[in-house]
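See below for model_4.txt, which holds compact mmCIF, C-alpha atoms and all ligand atoms.
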```txt
# COMPACT_ATOMS: atom_id res chain seq x y z
CA MET A 1 108.05 31.85 -12.06
CA ILE A 2 106.06 29.23 -10.22
CA SER A 3 106.05 26.02 -12.21
CA SER A 4 102.65 24.47 -12.77
CA THR A 5 104.11 21.26 -11.41
CA THR A 6 105.13 22.71 -8.02
CA LYS A 7 103.68 20.12 -5.68
CA ARG A 8 101.43 21.31 -2.88
CA SER A 9 99.99 19.39 0.02
CA LEU A 10 96.28 19.39 0.75
CA SER A 11 93.90 17.93 3.34
CA ILE A 12 90.14 17.89 2.89
CA LEU A 13 87.86 18.00 5.92
CA GLY A 14 84.58 16.59 4.58
CA SER A 15 85.99 14.95 1.43
CA THR A 16 82.93 12.74 0.87
CA GLY A 17 80.45 15.60 0.54
CA SER A 18 79.46 17.77 -2.40
CA ILE A 19 82.33 20.26 -1.95
CA GLY A 20 84.76 17.47 -1.00
CA THR A 21 84.11 15.36 -4.11
CA ASN A 22 84.20 18.46 -6.32
CA THR A 23 87.54 19.40 -4.75
CA LEU A 24 89.01 16.00 -5.59
CA ASP A 25 87.63 16.35 -9.12
CA VAL A 26 89.42 19.72 -9.47
CA VAL A 27 92.59 18.17 -8.01
CA GLY A 28 92.36 15.61 -10.82
CA HIS A 29 92.06 18.36 -13.46
CA LEU A 30 95.02 20.21 -11.95
CA GLY A 31 97.38 17.27 -12.26
CA GLY A 32 96.26 14.85 -9.56
CA ARG A 33 99.06 13.12 -7.69
CA ASP A 34 101.72 14.91 -9.73
CA ALA A 35 100.47 18.27 -8.49
CA PHE A 36 98.99 17.52 -5.07
CA ASP A 37 100.15 15.53 -2.12
CA VAL A 38 96.84 14.58 -0.47
CA VAL A 39 97.57 14.30 3.24
CA ALA A 40 94.32 13.69 5.16
CA LEU A 41 90.73 13.04 4.09
CA THR A 42 87.71 12.93 6.40
CA GLY A 43 84.13 11.77 6.11
CA ALA A 44 81.36 10.63 8.41
CA GLY A 45 79.16 7.67 7.44
CA ASN A 46 80.25 7.14 3.85
CA ILE A 47 83.08 4.67 4.50
CA GLY A 48 83.18 3.04 1.04
CA LEU A 49 83.66 6.36 -0.73
CA LEU A 50 86.15 7.66 1.86
CA ALA A 51 88.31 4.53 1.53
CA GLU A 52 88.18 4.70 -2.26
CA GLN A 53 89.19 8.40 -2.23
CA ALA A 54 92.06 7.70 0.17
CA ARG A 55 93.42 4.89 -2.02
CA THR A 56 92.96 6.77 -5.31
CA HIS A 57 94.68 9.92 -4.08
CA GLY A 58 97.32 8.20 -1.95
CA ALA A 59 96.24 9.92 1.26
CA ARG A 60 98.34 9.35 4.38
CA LEU A 61 95.42 9.51 6.82
CA ALA A 62 91.69 8.75 6.52
CA VAL A 63 89.31 9.77 9.29
CA THR A 64 85.66 9.05 9.95
CA ALA A 65 83.86 11.41 12.31
CA ASP A 66 81.63 8.49 13.27
CA GLU A 67 83.49 6.41 15.88
CA SER A 68 81.24 3.41 15.32
CA GLN A 69 82.63 3.22 11.75
CA TYR A 70 86.28 3.01 12.81
CA ILE A 71 86.61 -0.76 12.32
CA ALA A 72 84.78 -0.63 8.99
CA LEU A 73 87.18 2.05 7.73
CA LYS A 74 90.20 0.15 9.06
CA ASP A 75 89.01 -2.99 7.24
CA ALA A 76 88.35 -1.07 4.03
CA LEU A 77 91.90 0.29 4.08
CA SER A 78 93.74 -2.78 5.33
CA GLY A 79 97.00 -3.39 3.50
CA SER A 80 97.04 0.13 2.03
CA GLY A 81 99.44 1.64 4.56
CA ILE A 82 96.99 4.50 5.06
CA ALA A 83 96.59 5.47 8.73
CA VAL A 84 93.03 5.47 10.11
CA ALA A 85 91.43 7.47 12.93
CA ALA A 86 87.92 8.33 14.11
CA GLY A 87 85.81 10.73 16.13
CA GLN A 88 86.56 14.28 17.24
CA SER A 89 90.19 13.48 18.06
CA GLY A 90 90.57 11.95 14.60
CA LEU A 91 89.21 15.11 12.96
CA LEU A 92 91.69 17.19 14.94
CA GLU A 93 94.49 14.84 13.90
CA ALA A 94 93.48 15.39 10.26
CA ALA A 95 93.45 19.17 10.77
CA ASP A 96 96.87 19.08 12.43
CA ALA A 97 98.50 16.82 9.83
CA ALA A 98 101.13 18.80 7.93
CA ALA A 99 99.35 20.03 4.79
CA ASP A 100 99.97 23.48 3.27
CA MET A 101 96.26 23.91 2.58
CA VAL A 102 93.12 22.59 4.25
CA MET A 103 89.79 22.57 2.44
CA ALA A 104 87.17 23.12 5.16
CA ALA A 105 84.13 21.31 3.75
CA ILE A 106 82.45 19.68 6.75
CA VAL A 107 78.83 20.79 6.95
CA GLY A 108 77.61 22.79 9.96
CA THR A 109 79.10 23.68 13.32
CA ALA A 110 80.85 20.29 13.37
CA GLY A 111 83.41 21.91 11.04
CA LEU A 112 84.36 24.67 13.44
CA ALA A 113 86.80 22.95 15.83
CA PRO A 114 88.88 21.13 13.18
CA THR A 115 88.99 24.18 10.90
CA LEU A 116 90.14 26.34 13.82
CA ALA A 117 92.88 23.82 14.60
CA ALA A 118 94.11 23.97 11.00
CA ALA A 119 94.00 27.79 11.07
CA ARG A 120 95.92 27.95 14.33
CA ARG A 121 98.78 25.86 13.00
CA GLY A 122 99.09 28.24 10.04
CA ALA A 123 97.61 26.23 7.18
CA ASP A 124 96.06 28.11 4.27
CA ILE A 125 92.32 27.64 4.72
CA ALA A 126 90.08 27.17 1.69
CA LEU A 127 86.83 27.93 3.44
CA ALA A 128 83.62 26.32 2.21
CA ASN A 129 82.17 25.85 5.71
CA LYS A 130 80.38 29.15 6.30
CA GLU A 131 79.39 28.26 9.85
CA CYS A 132 82.96 28.96 11.06
CA LEU A 133 82.55 32.67 10.36
CA VAL A 134 78.86 32.83 11.25
CA SER A 135 79.43 31.31 14.70
CA ALA A 136 82.93 32.39 15.66
CA GLY A 137 83.11 35.61 13.61
CA ASP A 138 86.16 37.71 14.31
CA LEU A 139 87.62 35.09 16.67
CA PHE A 140 87.98 32.83 13.64
CA ILE A 141 89.58 35.63 11.60
CA ASP A 142 91.98 36.28 14.51
CA ALA A 143 92.92 32.58 14.65
CA VAL A 144 93.80 32.60 10.95
CA ARG A 145 95.77 35.81 11.33
CA GLN A 146 97.70 34.52 14.34
CA GLY A 147 98.41 31.23 12.58
CA GLY A 148 99.76 33.17 9.60
CA GLY A 149 97.97 31.21 6.83
CA ARG A 150 95.74 32.64 4.14
CA LEU A 151 91.95 32.58 4.20
CA LEU A 152 90.54 31.79 0.75
CA PRO A 153 86.75 31.90 0.45
CA VAL A 154 85.16 29.02 -1.45
CA ASP A 155 81.50 29.91 -0.94
CA SER A 156 80.73 31.11 -4.49
CA GLU A 157 79.48 34.57 -3.48
CA HIS A 158 82.46 35.29 -1.24
CA ASN A 159 84.85 33.82 -3.75
CA ALA A 160 83.34 36.20 -6.34
CA ILE A 161 83.80 39.18 -4.02
CA PHE A 162 87.36 38.07 -3.23
CA GLN A 163 88.06 37.97 -6.98
CA VAL A 164 86.82 41.52 -7.64
CA LEU A 165 88.00 43.14 -4.43
CA GLU A 166 90.90 45.35 -5.42
CA GLU A 167 93.43 44.98 -2.63
CA ASN A 168 94.66 48.59 -2.80
CA GLN A 169 91.11 50.00 -3.01
CA ARG A 170 89.62 48.43 0.11
CA HIS A 171 89.02 51.88 1.63
CA ALA A 172 86.80 52.68 -1.38
CA VAL A 173 84.44 49.71 -0.96
CA GLU A 174 80.95 51.07 -0.42
CA ARG A 175 79.01 47.81 -0.37
CA VAL A 176 79.03 44.19 -1.37
CA ILE A 177 76.02 42.77 -3.17
CA LEU A 178 75.41 39.07 -2.61
CA THR A 179 73.34 37.45 -5.31
CA ALA A 180 70.71 34.86 -4.37
CA SER A 181 68.92 32.55 -6.77
CA GLY A 182 65.77 32.74 -4.65
CA GLY A 183 65.65 28.94 -4.53
CA PRO A 184 62.71 26.73 -5.49
CA PHE A 185 60.16 28.90 -3.60
CA ARG A 186 61.18 32.27 -5.04
CA SER A 187 57.67 33.07 -6.18
CA PHE A 188 55.72 31.10 -3.56
CA THR A 189 53.38 32.87 -1.14
CA ARG A 190 53.88 32.25 2.59
CA ALA A 191 50.70 30.15 2.57
CA GLN A 192 52.20 27.96 -0.16
CA MET A 193 55.46 27.66 1.76
CA ALA A 194 53.69 26.51 4.93
CA ASP A 195 53.32 22.92 3.79
CA VAL A 196 56.13 22.29 1.30
CA THR A 197 57.83 18.89 1.50
CA LEU A 198 61.48 17.98 1.94
CA GLU A 199 61.59 16.75 -1.66
CA THR A 200 60.48 20.08 -3.15
CA ALA A 201 62.67 22.08 -0.75
CA ARG A 202 65.83 20.16 -1.66
CA ALA A 203 65.41 20.64 -5.42
CA HIS A 204 67.57 23.69 -6.10
CA PRO A 205 66.95 25.26 -9.53
CA ASN A 206 70.61 25.97 -10.39
CA TRP A 207 73.17 24.50 -8.01
CA SER A 208 73.87 20.89 -7.09
CA MET A 209 74.79 20.88 -3.38
CA GLY A 210 74.56 18.88 -0.14
CA LEU A 211 71.15 18.33 1.45
CA LYS A 212 71.35 20.88 4.27
CA ILE A 213 72.60 23.80 2.19
CA SER A 214 69.94 23.03 -0.42
CA ILE A 215 67.17 23.35 2.19
CA ASP A 216 68.88 26.47 3.56
CA SER A 217 68.80 27.93 0.05
CA ALA A 218 65.05 27.31 -0.18
CA SER A 219 64.46 29.15 3.13
CA MET A 220 67.17 31.72 2.32
CA PHE A 221 68.90 30.84 5.59
CA ASN A 222 71.84 30.10 3.33
CA LYS A 223 71.88 33.75 2.23
CA ALA A 224 71.40 34.81 5.85
CA LEU A 225 74.51 32.87 6.85
CA GLU A 226 76.35 34.33 3.87
CA MET A 227 75.52 37.91 4.90
CA ILE A 228 77.14 37.30 8.29
CA GLU A 229 80.00 35.44 6.62
CA ALA A 230 80.64 38.44 4.30
CA LYS A 231 80.61 40.90 7.19
CA HIS A 232 83.45 39.10 8.98
CA LEU A 233 85.38 38.02 5.93
CA PHE A 234 85.60 41.51 4.43
CA GLY A 235 85.38 43.62 7.60
CA LEU A 236 82.11 45.33 6.63
CA ALA A 237 79.43 47.21 8.55
CA PRO A 238 76.01 45.47 8.46
CA GLU A 239 74.55 48.13 6.14
CA GLN A 240 77.30 47.49 3.60
CA VAL A 241 76.01 43.95 3.01
CA GLU A 242 73.21 43.84 0.42
CA VAL A 243 71.30 40.96 -1.15
CA ILE A 244 69.72 40.88 -4.60
CA VAL A 245 67.70 38.01 -6.03
CA HIS A 246 69.15 36.94 -9.38
CA PRO A 247 67.38 33.75 -10.53
CA GLN A 248 69.93 32.70 -13.18
CA SER A 249 72.88 32.45 -10.71
CA ILE A 250 75.31 33.74 -13.35
CA ILE A 251 76.57 36.78 -11.45
CA HIS A 252 78.01 35.23 -8.32
CA SER A 253 78.28 38.53 -6.41
CA MET A 254 79.46 42.12 -6.79
CA VAL A 255 81.42 44.88 -5.10
CA GLY A 256 80.24 48.50 -5.30
CA TYR A 257 82.91 51.22 -4.98
CA SER A 258 82.72 54.83 -3.80
CA ASP A 259 82.86 56.15 -7.37
CA GLY A 260 79.66 54.28 -8.24
CA SER A 261 81.39 51.50 -10.18
CA VAL A 262 80.23 47.96 -9.55
CA LEU A 263 82.52 45.00 -10.30
CA ALA A 264 80.93 41.59 -10.75
CA GLN A 265 82.23 38.06 -11.17
CA LEU A 266 80.30 35.82 -13.55
CA GLY A 267 80.40 32.15 -14.43
CA CYS A 268 78.31 29.03 -14.84
CA PRO A 269 76.88 27.80 -11.55
CA ASP A 270 79.54 25.18 -10.83
CA MET A 271 81.41 25.17 -7.50
CA ARG A 272 84.53 23.89 -9.20
CA HIS A 273 85.29 27.44 -10.43
CA ALA A 274 85.52 28.75 -6.86
CA ILE A 275 87.33 25.62 -5.64
CA GLY A 276 89.90 25.88 -8.45
CA TYR A 277 90.43 29.58 -7.74
CA ALA A 278 91.12 28.86 -4.07
CA LEU A 279 93.41 25.88 -4.75
CA GLU A 280 95.55 27.75 -7.30
CA TYR A 281 95.44 31.26 -5.78
CA PRO A 282 97.01 33.65 -6.70
CA ARG A 283 97.30 32.02 -10.14
CA ARG A 284 94.30 31.11 -12.27
CA ALA A 285 93.81 27.45 -12.96
CA ALA A 286 93.16 25.97 -16.41
CA LEU A 287 89.86 24.17 -15.92
CA PRO A 288 87.79 22.46 -18.61
CA LEU A 289 84.48 23.64 -17.18
CA GLU A 290 81.47 24.93 -19.07
CA ARG A 291 81.93 28.44 -20.51
CA LEU A 292 79.26 31.13 -20.42
CA ASP A 293 77.45 31.60 -23.71
CA PHE A 294 75.98 35.10 -23.51
CA ALA A 295 73.93 34.78 -26.67
CA LYS A 296 72.20 31.73 -25.21
CA LEU A 297 71.77 33.38 -21.84
CA ALA A 298 70.10 36.39 -23.42
CA ARG A 299 69.06 37.99 -20.13
CA LEU A 300 69.93 38.41 -16.48
CA ASP A 301 67.08 39.21 -14.09
CA PHE A 302 67.08 40.87 -10.69
CA GLU A 303 64.49 41.44 -7.99
CA ALA A 304 64.52 42.76 -4.44
CA PRO A 305 64.46 40.06 -1.75
CA ASP A 306 61.21 39.79 0.22
CA GLU A 307 61.98 39.66 3.94
CA ASP A 308 58.36 38.90 4.83
CA ARG A 309 58.40 35.67 2.86
CA PHE A 310 62.05 34.98 3.73
CA PRO A 311 62.43 36.20 7.35
CA ALA A 312 65.86 34.53 7.61
CA LEU A 313 67.27 37.64 5.92
CA ARG A 314 65.85 39.89 8.63
CA LEU A 315 67.30 37.60 11.30
CA ALA A 316 70.73 37.86 9.67
CA ARG A 317 70.56 41.64 9.73
CA LEU A 318 69.56 41.49 13.40
CA ALA A 319 72.47 39.17 14.18
CA MET A 320 74.88 41.48 12.33
CA THR A 321 73.72 44.64 14.11
CA ARG A 322 73.60 43.02 17.53
CA GLY A 323 76.98 41.39 16.96
CA GLY A 324 78.45 39.39 19.84
CA VAL A 325 77.44 35.72 19.81
CA GLN A 326 74.19 36.31 17.90
CA GLY A 327 75.62 34.60 14.80
CA ALA A 328 76.34 31.48 16.85
CA VAL A 329 72.84 31.64 18.33
CA LEU A 330 71.19 32.07 14.92
CA ASN A 331 73.16 29.20 13.45
CA GLY A 332 72.77 26.81 16.41
CA ALA A 333 69.00 27.29 16.58
CA LYS A 334 68.70 27.06 12.80
CA GLU A 335 70.65 23.77 12.65
CA VAL A 336 68.30 22.18 15.20
CA ALA A 337 65.22 23.44 13.35
CA LEU A 338 66.69 22.31 10.02
CA ASP A 339 67.37 18.79 11.34
CA ALA A 340 63.77 18.70 12.61
CA PHE A 341 62.45 19.76 9.18
CA ILE A 342 64.58 17.10 7.48
CA ALA A 343 63.24 14.50 9.94
CA GLY A 344 59.67 15.57 9.11
CA GLU A 345 59.12 16.82 12.67
CA THR A 346 58.41 20.44 11.88
CA GLY A 347 57.20 22.67 9.07
CA PHE A 348 59.23 24.77 6.65
CA LEU A 349 58.21 28.16 8.06
CA THR A 350 58.75 27.06 11.66
CA MET A 351 62.51 27.06 11.07
CA ALA A 352 62.67 30.88 10.98
CA GLU A 353 60.09 31.23 13.76
CA ILE A 354 62.09 29.09 16.16
CA THR A 355 65.37 30.75 15.23
CA GLY A 356 63.86 34.22 15.80
CA GLU A 357 62.45 33.20 19.19
CA VAL A 358 65.75 31.71 20.36
CA MET A 359 67.60 34.86 19.25
CA GLU A 360 65.20 36.97 21.34
CA ALA A 361 65.60 34.70 24.36
CA LEU A 362 69.40 34.93 24.11
CA ALA A 363 69.69 38.60 23.06
CA HIS A 364 71.29 39.36 26.44
CA LEU A 365 74.35 37.13 25.97
CA PRO A 366 77.60 39.11 26.09
CA ALA A 367 80.16 39.10 23.27
CA ALA A 368 82.50 36.11 23.24
CA ALA A 369 85.85 36.55 24.96
CA SER A 370 86.98 33.15 23.77
CA MET A 371 85.89 30.15 21.72
CA ASP A 372 84.43 28.61 24.89
CA ASP A 373 81.82 31.40 24.92
CA VAL A 374 80.99 30.67 21.27
CA PHE A 375 80.49 26.96 21.94
CA GLU A 376 78.42 27.78 25.04
CA ALA A 377 76.14 30.13 23.04
CA ASP A 378 75.76 27.44 20.38
CA ARG A 379 74.84 24.82 23.03
CA GLU A 380 72.33 27.11 24.72
CA ALA A 381 70.70 28.03 21.37
CA ARG A 382 70.35 24.32 20.51
CA ARG A 383 68.89 23.55 23.94
CA LEU A 384 66.23 26.27 23.61
CA ALA A 385 65.41 25.30 20.02
CA ARG A 386 64.95 21.65 21.04
CA GLN A 387 62.78 22.72 23.97
CA ARG A 388 60.63 24.83 21.64
CA LEU A 389 60.25 21.88 19.26
CA GLY A 390 59.00 19.81 22.21
P1 LIG B 401 77.62 17.64 2.29
O1 LIG B 401 76.54 17.29 3.23
O2 LIG B 401 77.52 17.21 0.88
O3 LIG B 401 79.02 17.07 2.87
C1 LIG B 401 79.39 17.30 4.18
C2 LIG B 401 80.69 16.60 4.54
O4 LIG B 401 80.85 16.69 5.98
C3 LIG B 401 80.72 15.11 4.24
O5 LIG B 401 82.04 14.70 3.95
C4 LIG B 401 80.26 14.46 5.55
O6 LIG B 401 80.72 13.14 5.70
C5 LIG B 401 80.90 15.39 6.57
N1 LIG B 401 80.15 15.45 7.82
C6 LIG B 401 78.81 15.48 7.99
N2 LIG B 401 78.50 15.55 9.29
C7 LIG B 401 79.68 15.58 9.97
C8 LIG B 401 80.03 15.65 11.35
N3 LIG B 401 79.10 15.73 12.31
N4 LIG B 401 81.34 15.67 11.69
C9 LIG B 401 82.29 15.61 10.73
N5 LIG B 401 82.02 15.51 9.41
C10 LIG B 401 80.73 15.51 9.03
O7 LIG B 401 77.81 19.22 2.40
P2 LIG B 401 78.35 20.23 1.28
O8 LIG B 401 77.22 20.68 0.44
O9 LIG B 401 79.57 19.70 0.64
O10 LIG B 401 78.73 21.50 2.18
C11 LIG B 401 79.89 21.52 2.99
C12 LIG B 401 80.06 22.93 3.54
O11 LIG B 401 80.32 23.81 2.46
C13 LIG B 401 78.82 23.49 4.24
O12 LIG B 401 79.21 24.28 5.31
C14 LIG B 401 78.14 24.30 3.17
O13 LIG B 401 77.37 25.36 3.70
C15 LIG B 401 79.35 24.85 2.42
N6 LIG B 401 79.07 25.18 1.02
C16 LIG B 401 78.66 24.22 0.16
C17 LIG B 401 78.39 24.54 -1.17
C18 LIG B 401 77.96 23.48 -2.16
O14 LIG B 401 77.83 23.78 -3.34
N7 LIG B 401 77.72 22.25 -1.76
C19 LIG B 401 78.54 25.86 -1.61
C20 LIG B 401 79.00 26.81 -0.71
C21 LIG B 401 79.26 26.47 0.61
MG MG B 402 77.00 30.42 -1.49
```

Can you give me the file's structure in the form of structure tokens?
Amino acid sequence: MISSTTKRSLSILGSTGSIGTNTLDVVGHLGGRDAFDVVALTGAGNIGLLAEQARTHGARLAVTADESQYIALKDALSGSGIAVAAGQSGLLEAADAAADMVMAAIVGTAGLAPTLAAARRGADIALANKECLVSAGDLFIDAVRQGGGRLLPVDSEHNAIFQVLEENQRHAVERVILTASGGPFRSFTRAQMADVTLETARAHPNWSMGLKISIDSASMFNKALEMIEAKHLFGLAPEQVEVIVHPQSIIHSMVGYSDGSVLAQLGCPDMRHAIGYALEYPRRAALPLERLDFAKLARLDFEAPDEDRFPALRLARLAMTRGGVQGAVLNGAKEVALDAFIAGETGFLTMAEITGEVMEALAHLPAAASMDDVFEADREARRLARQRLG
């Protein structure tokens, strides 16, 4: 029997973000320093929080992605004995540091290279960063397989599917059904969506998340990324990936089997469930999180997604059927458009327009033979998106 006090080692790439801070909170509930040896923590601009986390959890290495913050981080940790590094090489050092498990919680394509490095050296990967699978697809899966570590999905939908996917019944999986809250603009018309502000777009009705994923939820680009993520994670054909709008976010996703049965995973919308499941897998953690009260809930609603109002979903399907580097192209163009929306330089609906145009312009790109091809497709998509933004 595995003792609950068996100590495991853990690094968190992106510890200062929403997933990162929730992960450290779960680590605290699971026994803190008695249960986990925290090896490396990384952040970007938030030096005060990163230094505090590193001291509290006794990390061996703290890394800021922002090289200009190196001295500030070194000062903040002086006398602690905690090693400090910065920039891309620092992130790779954090990924390579000997931890059994790496929580991949950097936002965006920036998370790809360090997560790949951790996968290649055989760490178990708790994967929150969906862009790894969207951009690199099967190359990322291959890297994990070759490294020999486990891939544990943290994105709530994929974590739900992982929980209800019966290992010996994989051949009988007919479809997976990703649930989507519909975000703050679920019942908006396209005309209403044309001039929404950053403040209304970031206000997610159910989940508390980082800024970029909150905006992506409002445009349903988040669900688009998750469709592609599911395809690679579970080895599905594009038509096996379905989306249903479920405004309460109680069912986190479902698997439909060949006998017509559908298995669902339910819970309160709190990422710490999925994080705890990944950290403790294959055991179930004891977590003092809110329990579902079905009498209070009373009802669960569902509606079909509207691809005319949320064209990101159509783009995801296109990327899945085309395959190759189209996921990297979709994501690269989307990230540029998203940054422009956040900066107030472009409108909400333009994000999908630009992404669709860039995907058309780069439809001819061949499948990636290596990660270099993925990074090249990402660069080219960003270049075209920036050009389109003017
Ligand atoms: P966040 O913005 O709150 O945090 C991002 C983290 O990455 C921070 O630690 C930040 O310092 C770091 N970071 C930012 N830019 C960086 C860069 N260029 N290089 C290196 N590090 C950088 O984001 P989040 O909401 O925690 O999301 C993290 C990832 O998890 C995303 O890929 C997101 O899609 C995914 N995810 C998040 C949630 C959620 O509930 N927040 C749910 C499912 C999946
Ligand atoms: Mg999700």

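With distances taken over all atoms listed in the file, A:Ala343 is the one residue among A:Glu280, A:Ala143, A:Gly79, A:Ala343 lying closest to Glu199 (chain A).
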
ask   = What separation in Å, quoted to one decimal, exists between atom O6 of ligand LIG 401 (chain B) and CA of Val154 (chain A)?
value = 18.0 Å

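Distance check against Arg309 (chain A) using all atoms listed in the file: of A:Ser68, A:Gln192, A:Asn331, A:Thr56, the minimum falls on A:Gln192.
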
Spatial neighbours of Ser135 (chain A), 6 Å, all atoms listed in the file, chain gap at least 2 places, as a PyMOL selection string = chain A and resi 131-133+137+327-328

inquiry  = Just the number, please: distance in Å from atom C11 of ligand LIG 401 (chain B) to CA of Ala126 (chain A), one decimal.
reply    = 11.7 Å

task = List all protein, DNA and RNA residues that have at least one atom no more than 8 Å from any atom of ligand MG 402 (chain B), counting only C-alpha atoms and all ligand atoms, and write them as number ranges by chain.
result = A: 155-158, 222-223, 226
